[in-house]
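To start, the structure under review is shown below, and the notes come after it.
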Amino acid sequence: MGLLRGAGQALRRLIRGPTVSNIRLAGLEYVLHFTALNGKIYFRSYKLLLKKSGCRTPRIELEEMGPSLDLVLRRTHLASDDLYKLSMKMPKALK
């Protein structure tokens with residue numbers, strides 16, 4: 001399960017946006033959904049539909065849209081600690 005956790009962290013770093021305290025539902029259009037299950041990572045994208053409801057908050061429905069990916073982790077052997085540390089080193093120009 002450690003490899004899937006590492007892959008999940010890599011995806012979060014790749015896609016992560018700013019942290020917000022409040023969300024305006026009318027401003028949301030798309031949802032990206034990642035699920036790790038049975039050695040696979042499932043990637044789905046949805047269009048957000050706001051429907052009328054009986055209260056102030058609208059009912060939210062998700063409509064699946066492309067792309068949909070089923071990813072399989074094939075590399076399970078991790079690099080040595082020295083090689084990993086070297087690969088994570090940032091150039092001075094980017095600091």
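All residue names refer to the structure tokens as shown: chains lettered A, B, ... in order, residues numbered from 1 in each chain, ligands numbered from 1 in order.
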(request) Apply DSSP to the structure's backbone, then extract all residues of chain A labelled helix (DSSP H, G or I) and return them as an MDAnalysis selection string. (result) chainID A and resid 2:15 25:27 81:87 92:94
(message) Going by DSSP on the backbone, which residues of chain A come out as strand (DSSP E or B)? List them as a PyMOL selection string.
(response) chain A and resi 30-37+40-51+59-72
Only N, CA and C atoms, please: the residues just picked out, written as a short mmCIF file (atom, residue, chain, number, x, y, z; two decimals), in the first residue's frame.
data_model
loop_
_atom_site.label_atom_id
_atom_site.label_comp_id
_atom_site.auth_asym_id
_atom_site.auth_seq_id
_atom_site.Cartn_x
_atom_site.Cartn_y
_atom_site.Cartn_z
N TYR A 30 -15.74 21.47 -12.90
CA TYR A 30 -15.23 20.12 -13.10
C TYR A 30 -14.71 19.53 -11.80
N VAL A 31 -14.73 18.19 -11.72
CA VAL A 31 -14.20 17.46 -10.58
C VAL A 31 -13.25 16.39 -11.11
N LEU A 32 -12.04 16.34 -10.55
CA LEU A 32 -11.10 15.26 -10.86
C LEU A 32 -11.10 14.30 -9.68
N HIS A 33 -11.28 13.03 -9.94
CA HIS A 33 -11.42 12.03 -8.88
C HIS A 33 -10.38 10.93 -9.08
N PHE A 34 -9.59 10.67 -8.05
CA PHE A 34 -8.59 9.61 -8.06
C PHE A 34 -8.94 8.59 -7.00
N THR A 35 -8.89 7.31 -7.36
CA THR A 35 -9.16 6.23 -6.42
C THR A 35 -8.06 5.19 -6.56
N ALA A 36 -7.48 4.76 -5.44
CA ALA A 36 -6.48 3.69 -5.44
C ALA A 36 -7.15 2.44 -4.88
N LEU A 37 -7.20 1.38 -5.69
CA LEU A 37 -7.89 0.16 -5.29
C LEU A 37 -7.26 -1.03 -6.00
N LYS A 40 -4.36 -0.61 -8.49
CA LYS A 40 -4.60 0.28 -9.64
C LYS A 40 -4.99 1.66 -9.14
N ILE A 41 -4.75 2.66 -9.96
CA ILE A 41 -5.20 4.02 -9.69
C ILE A 41 -6.20 4.38 -10.78
N TYR A 42 -7.41 4.70 -10.35
CA TYR A 42 -8.47 5.06 -11.28
C TYR A 42 -8.60 6.58 -11.30
N PHE A 43 -8.55 7.16 -12.49
CA PHE A 43 -8.69 8.60 -12.68
C PHE A 43 -9.97 8.84 -13.46
N ARG A 44 -10.85 9.64 -12.90
CA ARG A 44 -12.11 9.98 -13.57
C ARG A 44 -12.29 11.50 -13.53
N SER A 45 -12.89 12.04 -14.56
CA SER A 45 -13.22 13.46 -14.58
C SER A 45 -14.72 13.61 -14.78
N TYR A 46 -15.28 14.55 -14.05
CA TYR A 46 -16.72 14.76 -14.05
C TYR A 46 -17.04 16.23 -14.30
N LYS A 47 -18.19 16.47 -14.92
CA LYS A 47 -18.74 17.80 -15.05
C LYS A 47 -19.74 17.98 -13.93
N LEU A 48 -19.68 19.10 -13.24
CA LEU A 48 -20.55 19.36 -12.11
C LEU A 48 -21.84 20.03 -12.60
N LEU A 49 -22.98 19.46 -12.24
CA LEU A 49 -24.28 20.01 -12.61
C LEU A 49 -25.00 20.44 -11.34
N LEU A 50 -25.45 21.69 -11.30
CA LEU A 50 -26.19 22.20 -10.15
C LEU A 50 -27.68 22.15 -10.48
N LYS A 51 -28.44 21.41 -9.69
CA LYS A 51 -29.87 21.24 -9.90
C LYS A 51 -30.63 21.95 -8.78
N ARG A 59 -28.76 21.01 -5.39
CA ARG A 59 -28.36 19.60 -5.45
C ARG A 59 -27.26 19.48 -6.50
N ILE A 60 -26.26 18.70 -6.19
CA ILE A 60 -25.12 18.56 -7.10
C ILE A 60 -25.16 17.17 -7.73
N GLU A 61 -25.06 17.13 -9.05
CA GLU A 61 -24.94 15.87 -9.78
C GLU A 61 -23.65 15.89 -10.58
N LEU A 62 -23.04 14.72 -10.72
CA LEU A 62 -21.81 14.59 -11.49
C LEU A 62 -22.09 13.83 -12.77
N GLU A 63 -21.66 14.39 -13.88
CA GLU A 63 -21.81 13.75 -15.19
C GLU A 63 -20.42 13.37 -15.68
N GLU A 64 -20.20 12.07 -15.89
CA GLU A 64 -18.86 11.62 -16.29
C GLU A 64 -18.53 12.12 -17.69
N MET A 65 -17.31 12.60 -17.83
CA MET A 65 -16.80 13.06 -19.12
C MET A 65 -15.38 12.56 -19.24
N GLY A 66 -14.79 12.66 -20.42
CA GLY A 66 -13.46 12.13 -20.63
C GLY A 66 -12.39 13.03 -20.07
N PRO A 67 -11.21 12.56 -19.87
CA PRO A 67 -10.75 11.19 -20.03
C PRO A 67 -10.96 10.36 -18.76
N SER A 68 -11.01 9.05 -18.93
CA SER A 68 -11.04 8.10 -17.83
C SER A 68 -9.83 7.19 -17.98
N LEU A 69 -9.03 7.10 -16.94
CA LEU A 69 -7.80 6.32 -17.02
C LEU A 69 -7.76 5.29 -15.90
N ASP A 70 -7.26 4.10 -16.21
CA ASP A 70 -6.97 3.06 -15.23
C ASP A 70 -5.45 2.86 -15.26
N LEU A 71 -4.77 3.33 -14.22
CA LEU A 71 -3.31 3.29 -14.18
C LEU A 71 -2.85 2.12 -13.32
N VAL A 72 -1.81 1.43 -13.77
CA VAL A 72 -1.24 0.30 -13.04
C VAL A 72 0.21 0.64 -12.72
#
(request) Give me, please, the distance in Å between atom CA of A:Glu29 and atom CA of A:Gly6, quoted to one decimal. (result)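 Computing the Euclidean distance for atom CA of A:Glu29 and atom CA of A:Gly6 yields 28.1 Å.
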(request) Figure out the distance between atom CA of A:Arg24 and atom CA of A:Thr57, please, to one decimal in Å. (result) 10.7 Å
(request) Tell me, in Å to one decimal, how far atom CA of A:Gly27 is from atom CA of A:Gly54. (result)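 Pair atom CA of A:Gly27 / atom CA of A:Gly54 returns 20.8 Å.
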(message) For A:Met88, find every residue with an atom within 12 Å (counting only C-alpha atoms), except residues of its own chain fewer than 6 positions away, and show them as a list in words.
(response)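 So, after excluding close chain neighbours, the residues are Ala79, Asp81 and Asp82 of chain A.
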Selected residues written out, N, CA and C atoms, as a tab-separated table (two decimals), in the first residue's frame:
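The result, written out as result26.tsv:
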chain	number	residue	atom	x	y	z
A	79	ALA	N	14.38	3.47	-5.61
A	79	ALA	CA	15.80	3.80	-5.73
A	79	ALA	C	16.45	3.82	-4.35
A	81	ASP	N	18.53	5.40	-1.19
A	81	ASP	CA	18.32	6.69	-0.52
A	81	ASP	C	19.20	7.79	-1.12
A	82	ASP	N	20.42	7.46	-1.48
A	82	ASP	CA	21.32	8.46	-2.06
A	82	ASP	C	20.81	8.95	-3.41
